[in-house]
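Peer 1: I'd like to ask you about the structure that follows.
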Amino acid sequence: MDASLFCKDAPLLALAPMAGVADRAFRTLCRGEGADFVCSEMVSAKGVTLGDRKSGELMALSQSEQPAGIQLFGREPSCFTEATAAALKYTPAFVDINMGCPAHKVAGHGSGAALMKNPQLCAEITRAAVAAAGRVPVSVKMRGGWTDGSRNAVEIALRCEEAGAAWVTVHGRTRQQMYAPPVDYGIIAAVKAALRIPVLGNGDVTDGPSAQKMLEATGCDGIQIGRGALGRPWVFTQIRAFLARGEILPEPDAARRTEYLLRHMRALCAEKGERVGMREARKHAAWYTKGLRGAAKLRGEITSLQAFADLEAITQKIIALEA
Ligand SMILES: Cc1cc2nc3c(=O)[nH]c(=O)nc-3n(C[C@H](O)[C@H](O)[C@H](O)COP(=O)(O)O)c2cc1C
């Protein structure tokens with residue numbers, strides 16, 4: 001199986017899939033900042049088979065974000081066969097299978113992290129996707145296990161490897177843990193030690209030192225970064241500088257951060273229109289300006305943003321308050 005995305009001297013840094021956040025605009029920005037590859041928001045395999053319009057919108061990839069993968073979630077191998085074939089029309093660099101989502105609307109219906117309760121099904125789904133994907137690599141994203149008492153990521157990862165997965169990503173928490181306790185490096189290290197294919201570690205990497213800790217503690221081949229990139233797409237540049245030279249690049253100042261924010265929101269509005277774009281801009285603006293003096297004072301204005309021109313005005317005020 002082709003894992004050429006991993007043919008690099010340095011550890012691989014990827015943007016984690018994040019529904020409702022890591023859309024084309026954000027993914028493109030992160031690629032520009034040095035993410036080696038990105039992945040779509042999770043797409044329902046069942047929805048794809050039913051011709052759901054939203055699934056098509058989620059699977060569409062832009063040239064500028066490549067290499068980019070499409071992530072599918074579901075619980076029926078036959079749906080993965082059909083959905084993987086449909087995903088190929090969008091020319092993904094890989095297809096990823098979601099075995100980690102803890103949300104009730106996904107895991108409560110037997111998909112996402114709930115798949116880890118059934119190793120046989122994990123293997124069947126992987127085999128179905130691999131067969132449908134042809135030369136396109138299939139990866140799997142999983143958690144440490146379903147409950148703290150059933151940390152079976154090693155078994156699941158071995159089954160997926162045997163079924164043809166090109167690499168796996170392990171978020172070092174169980175479904176039971178959701179996002180709360182510190183990441184368990186031990187479970188990621190155990191998966192890495194057991195597999196021949198590459199393993200990405202995931203969970204709580206937000207800067208150079210935490211990236212180095214993940215790499216050293218687990219021996220993993222690369223890292224997926226999720227929340228650490230929210231409002232901070234430059235985190236990839238920072239991590240790379242630290243891993244390569246031990247250099248700690250400072251957080252950008254208010255002017256640079258608002259510049260990133262405006263660039264990101266311009267792209268978002270171009271993709272989704274100003275009305276939807278500005279509604280989504282509220283959370284992004286809060287992330288980009290977190291910790292800035294002016295941002296706290298302007299929180300009310302940020303959370304009721306309506307027009308791009310308002311956002312431009314707010315960023316000017318934030319810069320002035322910071323000076
Ligand atoms: C808002 C949000 C949306 C997410 N959506 C997805 C998703 O669509 N697919 C997926 O596999 N994981 C999803 N995740 C989980 C992340 O990919 C990642 O595994 C998790 O946040 C832990 O990594 P981090 O500490 O770097 O954020 C999501 C996480 C967040 C915060």
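Following the order of the structure tokens, chains are lettered A, B, ..., residues in each are numbered from 1, and ligands are numbered from 1.
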Please list as a list in words every residue within 6 Å of A:Val38, counting only C-alpha atoms and excluding residues in the same chain fewer than 3 positions away.

Peer 2: Ala14, Leu15 and Ala68 of chain A

Peer 1: Could you report the residues within 6 Å of ligand 1, using only C-alpha atoms and all ligand atoms, as an mmCIF file with C-alpha atoms, in the first residue's frame?

Peer 2:
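Result written to part37.cif:
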```cif
data_model
loop_
_atom_site.group_PDB
_atom_site.id
_atom_site.type_symbol
_atom_site.label_atom_id
_atom_site.label_comp_id
_atom_site.auth_asym_id
_atom_site.auth_seq_id
_atom_site.Cartn_x
_atom_site.Cartn_y
_atom_site.Cartn_z
ATOM 1 C CA ALA A 16 -6.770 16.658 12.264
ATOM 2 C CA PRO A 17 -10.258 16.358 10.782
ATOM 3 C CA MET A 18 -12.620 18.683 12.642
ATOM 4 C CA ALA A 19 -16.309 18.838 11.761
ATOM 5 C CA GLU A 41 -14.676 17.020 7.982
ATOM 6 C CA MET A 42 -16.283 13.636 8.620
ATOM 7 C CA ASN A 98 -13.520 7.461 11.428
ATOM 8 C CA GLY A 100 -12.856 7.731 16.958
ATOM 9 C CA CYS A 101 -15.793 10.130 17.057
ATOM 10 C CA LYS A 141 -8.403 7.213 12.873
ATOM 11 C CA HIS A 171 -6.041 9.802 19.639
ATOM 12 C CA ASN A 202 -2.927 12.697 18.261
ATOM 13 C CA GLY A 203 -4.060 14.626 21.296
ATOM 14 C CA ASP A 204 -3.126 17.880 23.021
ATOM 15 C CA VAL A 205 -0.268 18.902 20.740
ATOM 16 C CA ILE A 225 -3.006 18.551 15.333
ATOM 17 C CA GLY A 226 -6.592 19.580 15.989
ATOM 18 C CA ARG A 227 -7.575 22.152 18.593
ATOM 19 C CA GLY A 228 -4.041 23.520 18.759
#
```

Peer 1: For the structure I just gave you, how does DSSP split stretch 138-236 of chain A - specifically, which residues are strand (DSSP E)? Reply as JSON, numbers by chain.

Peer 2: {"A": [138, 139, 140, 141, 142, 143, 144, 145, 167, 168, 169, 170, 171, 172, 173, 174, 199, 200, 201, 202, 222, 223, 224, 225]}

Peer 1: Which neighbours of A:Leu50 fall inside 12 Å, counting only C-alpha atoms, when residues of the same chain fewer than 3 positions from it are skipped, and could you give them as a list in words?

Peer 2: Ser44, Ala45, Lys46, Gly47, Arg53, Lys54, Ser55, Gly56, Cys79, Glu82, Ala83 and Ala86 of chain A

Peer 1: Only C-alpha atoms, please: the residues just picked out, written as a PDB file, in the first residue's frame.

Peer 2:
```
ATOM      1  CA  SER A  44     -21.582  10.104   6.498  1.00  0.00           C
ATOM      2  CA  ALA A  45     -20.961   7.041   4.333  1.00  0.00           C
ATOM      3  CA  LYS A  46     -24.673   6.317   4.466  1.00  0.00           C
ATOM      4  CA  GLY A  47     -25.437   9.898   3.447  1.00  0.00           C
ATOM      5  CA  ARG A  53     -26.170  17.045  -1.193  1.00  0.00           C
ATOM      6  CA  LYS A  54     -24.303  18.071   1.966  1.00  0.00           C
ATOM      7  CA  SER A  55     -22.017  15.029   1.653  1.00  0.00           C
ATOM      8  CA  GLY A  56     -20.927  16.178  -1.801  1.00  0.00           C
ATOM      9  CA  CYS A  79     -21.850   1.737   2.610  1.00  0.00           C
ATOM     10  CA  GLU A  82     -20.073   2.718  -2.196  1.00  0.00           C
ATOM     11  CA  ALA A  83     -19.020   5.871  -0.361  1.00  0.00           C
ATOM     12  CA  ALA A  86     -17.948   8.071  -4.650  1.00  0.00           C
TER      13      ALA A  86
END
```

Peer 1: Please provide the set of residues having any atom within 12 Å of A:Asp253, restricted to only C-alpha atoms, with same-chain residues fewer than 3 positions apart removed, written as a list in words.

Peer 2: Arg232, Leu249, Pro250, Arg256, Arg257, Thr258, Glu259, Tyr260, Tyr288, Thr289, Lys290, Gly291, Leu292, Arg293, Ile318, Ile319, Glu322 and Ala323 of chain A

Peer 1: Between A:Gly74, A:Cys30, A:Ile156, A:Arg240, which has the minimum distance to A:His109 (counting only C-alpha atoms)?

Peer 2: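 The answer is A:Gly74, which sits nearest to A:His109.
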
Peer 1: So which bits of stretch 96-302 of chain A end up alpha helix (DSSP H) when you DSSP the backbone, as an MDAnalysis selection string?

Peer 2: chainID A and resid 104:107 119:133 153:162 185:194 208:218 235:245 254:272 274:288 293:297 299:302

Peer 1: Those same residues, written as an mmCIF file, in the first residue's frame with C-alpha atoms?

Peer 2:
```cif
data_model
loop_
_atom_site.group_PDB
_atom_site.id
_atom_site.type_symbol
_atom_site.label_atom_id
_atom_site.label_comp_id
_atom_site.auth_asym_id
_atom_site.auth_seq_id
_atom_site.Cartn_x
_atom_site.Cartn_y
_atom_site.Cartn_z
ATOM 1 C CA HIS A 104 -23.631 10.631 20.644
ATOM 2 C CA LYS A 105 -25.120 11.415 17.230
ATOM 3 C CA VAL A 106 -22.330 9.282 15.673
ATOM 4 C CA ALA A 107 -21.166 6.773 18.307
ATOM 5 C CA PRO A 119 -12.870 -5.545 15.988
ATOM 6 C CA GLN A 120 -14.243 -7.851 13.301
ATOM 7 C CA LEU A 121 -16.431 -5.062 11.922
ATOM 8 C CA CYS A 122 -13.469 -2.649 11.962
ATOM 9 C CA ALA A 123 -11.571 -5.121 9.775
ATOM 10 C CA GLU A 124 -14.518 -5.617 7.407
ATOM 11 C CA ILE A 125 -15.041 -1.882 6.985
ATOM 12 C CA THR A 126 -11.347 -1.305 6.340
ATOM 13 C CA ARG A 127 -11.237 -4.161 3.834
ATOM 14 C CA ALA A 128 -14.294 -2.773 2.035
ATOM 15 C CA ALA A 129 -12.818 0.717 1.804
ATOM 16 C CA VAL A 130 -9.396 -0.580 0.728
ATOM 17 C CA ALA A 131 -10.932 -2.693 -2.044
ATOM 18 C CA ALA A 132 -12.987 0.244 -3.314
ATOM 19 C CA ALA A 133 -10.127 2.739 -3.056
ATOM 20 C CA ALA A 153 -6.394 0.131 20.048
ATOM 21 C CA VAL A 154 -3.539 -2.332 19.445
ATOM 22 C CA GLU A 155 -5.918 -5.112 18.439
ATOM 23 C CA ILE A 156 -8.006 -2.808 16.245
ATOM 24 C CA ALA A 157 -4.936 -1.274 14.620
ATOM 25 C CA LEU A 158 -3.482 -4.722 13.840
ATOM 26 C CA ARG A 159 -6.802 -5.769 12.278
ATOM 27 C CA CYS A 160 -6.853 -2.605 10.180
ATOM 28 C CA GLU A 161 -3.245 -3.120 9.098
ATOM 29 C CA GLU A 162 -4.026 -6.660 8.052
ATOM 30 C CA TYR A 185 1.033 8.253 25.338
ATOM 31 C CA GLY A 186 1.354 4.595 26.363
ATOM 32 C CA ILE A 187 -1.488 3.417 24.140
ATOM 33 C CA ILE A 188 -0.083 5.303 21.132
ATOM 34 C CA ALA A 189 3.378 3.840 21.816
ATOM 35 C CA ALA A 190 1.894 0.337 22.064
ATOM 36 C CA VAL A 191 0.188 0.714 18.675
ATOM 37 C CA LYS A 192 3.389 2.057 17.122
ATOM 38 C CA ALA A 193 5.387 -0.868 18.520
ATOM 39 C CA ALA A 194 2.909 -3.424 17.172
ATOM 40 C CA GLY A 208 6.871 22.606 19.617
ATOM 41 C CA PRO A 209 7.553 21.150 23.071
ATOM 42 C CA SER A 210 4.270 19.208 23.189
ATOM 43 C CA ALA A 211 4.968 17.898 19.673
ATOM 44 C CA GLN A 212 8.411 16.742 20.712
ATOM 45 C CA LYS A 213 6.959 15.085 23.792
ATOM 46 C CA MET A 214 4.431 13.189 21.660
ATOM 47 C CA LEU A 215 7.180 12.011 19.291
ATOM 48 C CA GLU A 216 9.601 10.992 22.022
ATOM 49 C CA ALA A 217 7.047 9.335 24.289
ATOM 50 C CA THR A 218 5.398 7.305 21.535
ATOM 51 C CA VAL A 235 1.179 26.372 14.824
ATOM 52 C CA PHE A 236 2.585 24.138 12.052
ATOM 53 C CA THR A 237 5.366 26.647 11.331
ATOM 54 C CA GLN A 238 6.081 26.936 15.051
ATOM 55 C CA ILE A 239 6.281 23.178 15.580
ATOM 56 C CA ARG A 240 8.503 22.680 12.562
ATOM 57 C CA ALA A 241 10.921 25.382 13.736
ATOM 58 C CA PHE A 242 11.119 23.767 17.154
ATOM 59 C CA LEU A 243 11.622 20.229 15.875
ATOM 60 C CA ALA A 244 14.231 21.312 13.316
ATOM 61 C CA ARG A 245 16.204 23.870 15.325
ATOM 62 C CA ALA A 254 -2.358 41.476 17.360
ATOM 63 C CA ALA A 255 -1.812 42.978 13.905
ATOM 64 C CA ARG A 256 -0.571 39.654 12.451
ATOM 65 C CA ARG A 257 -3.283 37.640 14.135
ATOM 66 C CA THR A 258 -6.058 39.856 12.847
ATOM 67 C CA GLU A 259 -4.436 39.774 9.405
ATOM 68 C CA TYR A 260 -4.676 35.958 9.462
ATOM 69 C CA LEU A 261 -8.246 36.197 10.714
ATOM 70 C CA LEU A 262 -9.280 38.501 7.871
ATOM 71 C CA ARG A 263 -7.558 36.346 5.262
ATOM 72 C CA HIS A 264 -9.253 33.241 6.648
ATOM 73 C CA MET A 265 -12.694 34.892 6.827
ATOM 74 C CA ARG A 266 -12.375 36.326 3.317
ATOM 75 C CA ALA A 267 -11.781 32.780 2.048
ATOM 76 C CA LEU A 268 -14.633 31.436 4.186
ATOM 77 C CA CYS A 269 -17.073 34.036 2.819
ATOM 78 C CA ALA A 270 -15.911 33.303 -0.736
ATOM 79 C CA GLU A 271 -16.740 29.612 -0.111
ATOM 80 C CA LYS A 272 -19.976 29.897 1.836
ATOM 81 C CA GLU A 274 -21.134 36.330 3.633
ATOM 82 C CA ARG A 275 -24.207 35.403 5.709
ATOM 83 C CA VAL A 276 -23.057 31.877 6.592
ATOM 84 C CA GLY A 277 -19.398 32.923 6.584
ATOM 85 C CA MET A 278 -19.921 35.651 9.156
ATOM 86 C CA ARG A 279 -21.970 33.419 11.402
ATOM 87 C CA GLU A 280 -19.067 30.963 11.412
ATOM 88 C CA ALA A 281 -16.613 33.860 11.758
ATOM 89 C CA ARG A 282 -17.795 34.483 15.321
ATOM 90 C CA LYS A 283 -16.090 31.402 16.745
ATOM 91 C CA HIS A 284 -12.994 31.790 14.576
ATOM 92 C CA ALA A 285 -12.647 35.465 15.585
ATOM 93 C CA ALA A 286 -12.863 34.468 19.255
ATOM 94 C CA TRP A 287 -10.089 31.885 18.740
ATOM 95 C CA TYR A 288 -7.786 34.168 16.753
ATOM 96 C CA ARG A 293 -6.787 42.774 25.709
ATOM 97 C CA GLY A 294 -9.073 44.376 23.148
ATOM 98 C CA ALA A 295 -10.770 41.132 22.262
ATOM 99 C CA ALA A 296 -12.216 40.676 25.749
ATOM 100 C CA LYS A 297 -13.732 44.166 25.606
ATOM 101 C CA ARG A 299 -16.488 40.016 22.852
ATOM 102 C CA GLY A 300 -20.098 41.199 22.445
ATOM 103 C CA GLU A 301 -19.412 42.652 19.007
ATOM 104 C CA ILE A 302 -17.531 39.528 17.952
#
```

Peer 1: Hey, can you check how far atom CA of A:Pro102 sits from atom CA of A:Leu230?

Peer 2: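 Pair atom CA of A:Pro102 / atom CA of A:Leu230 returns 19.6 Å.
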
Peer 1: Compare A:Arg135, A:Arg175, A:Arg24, A:Lys117 by their minimum atom-to-atom distance to A:Leu88, counting only C-alpha atoms, and give me the closest one.

Peer 2: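 Of A:Arg135, A:Arg175, A:Arg24, A:Lys117, the one nearest A:Leu88, counting only C-alpha atoms, is A:Arg135.
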
Peer 1: At what distance in Å, to one decimal, does atom CA of A:Asp207 lie from atom CA of A:Ala93?

Peer 2: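 That distance, rounded to one decimal, is 26.2 Å.
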
Peer 1: Just to confirm, what's the straight-line distance from atom CA of A:Gly108 to atom CA of A:Asp96 in Å (one decimal)?

Peer 2: 20.2 Å

Peer 1: Of the candidates A:Ser4, A:Asn152, A:Met142, A:Ile248, which one gets nearest to A:Phe37 if we count only C-alpha atoms?

Peer 2: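 Using only C-alpha atoms, the shortest distance to A:Phe37 belongs to A:Ser4.
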
Peer 1: In terms of the shortest atom-to-atom distance over only C-alpha atoms, which of A:Ala10, A:Ala22, A:Leu321, A:Val95 is closest to A:Pro233?

Peer 2: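 For A:Pro233, the nearest of the candidates is A:Ala22.
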
Peer 1: Closest to A:Arg27 among A:Ala320, A:Ala114, A:Leu61, A:Ile314, using only C-alpha atoms?

Peer 2: A:Leu61

Peer 1: Skipping near chain neighbours, those fewer than 3 positions away, what residues fall within 6 Å of A:Gly172 using only C-alpha atoms, listed as a PyMOL selection string?

Peer 2: chain A and resi 143-144+183-184
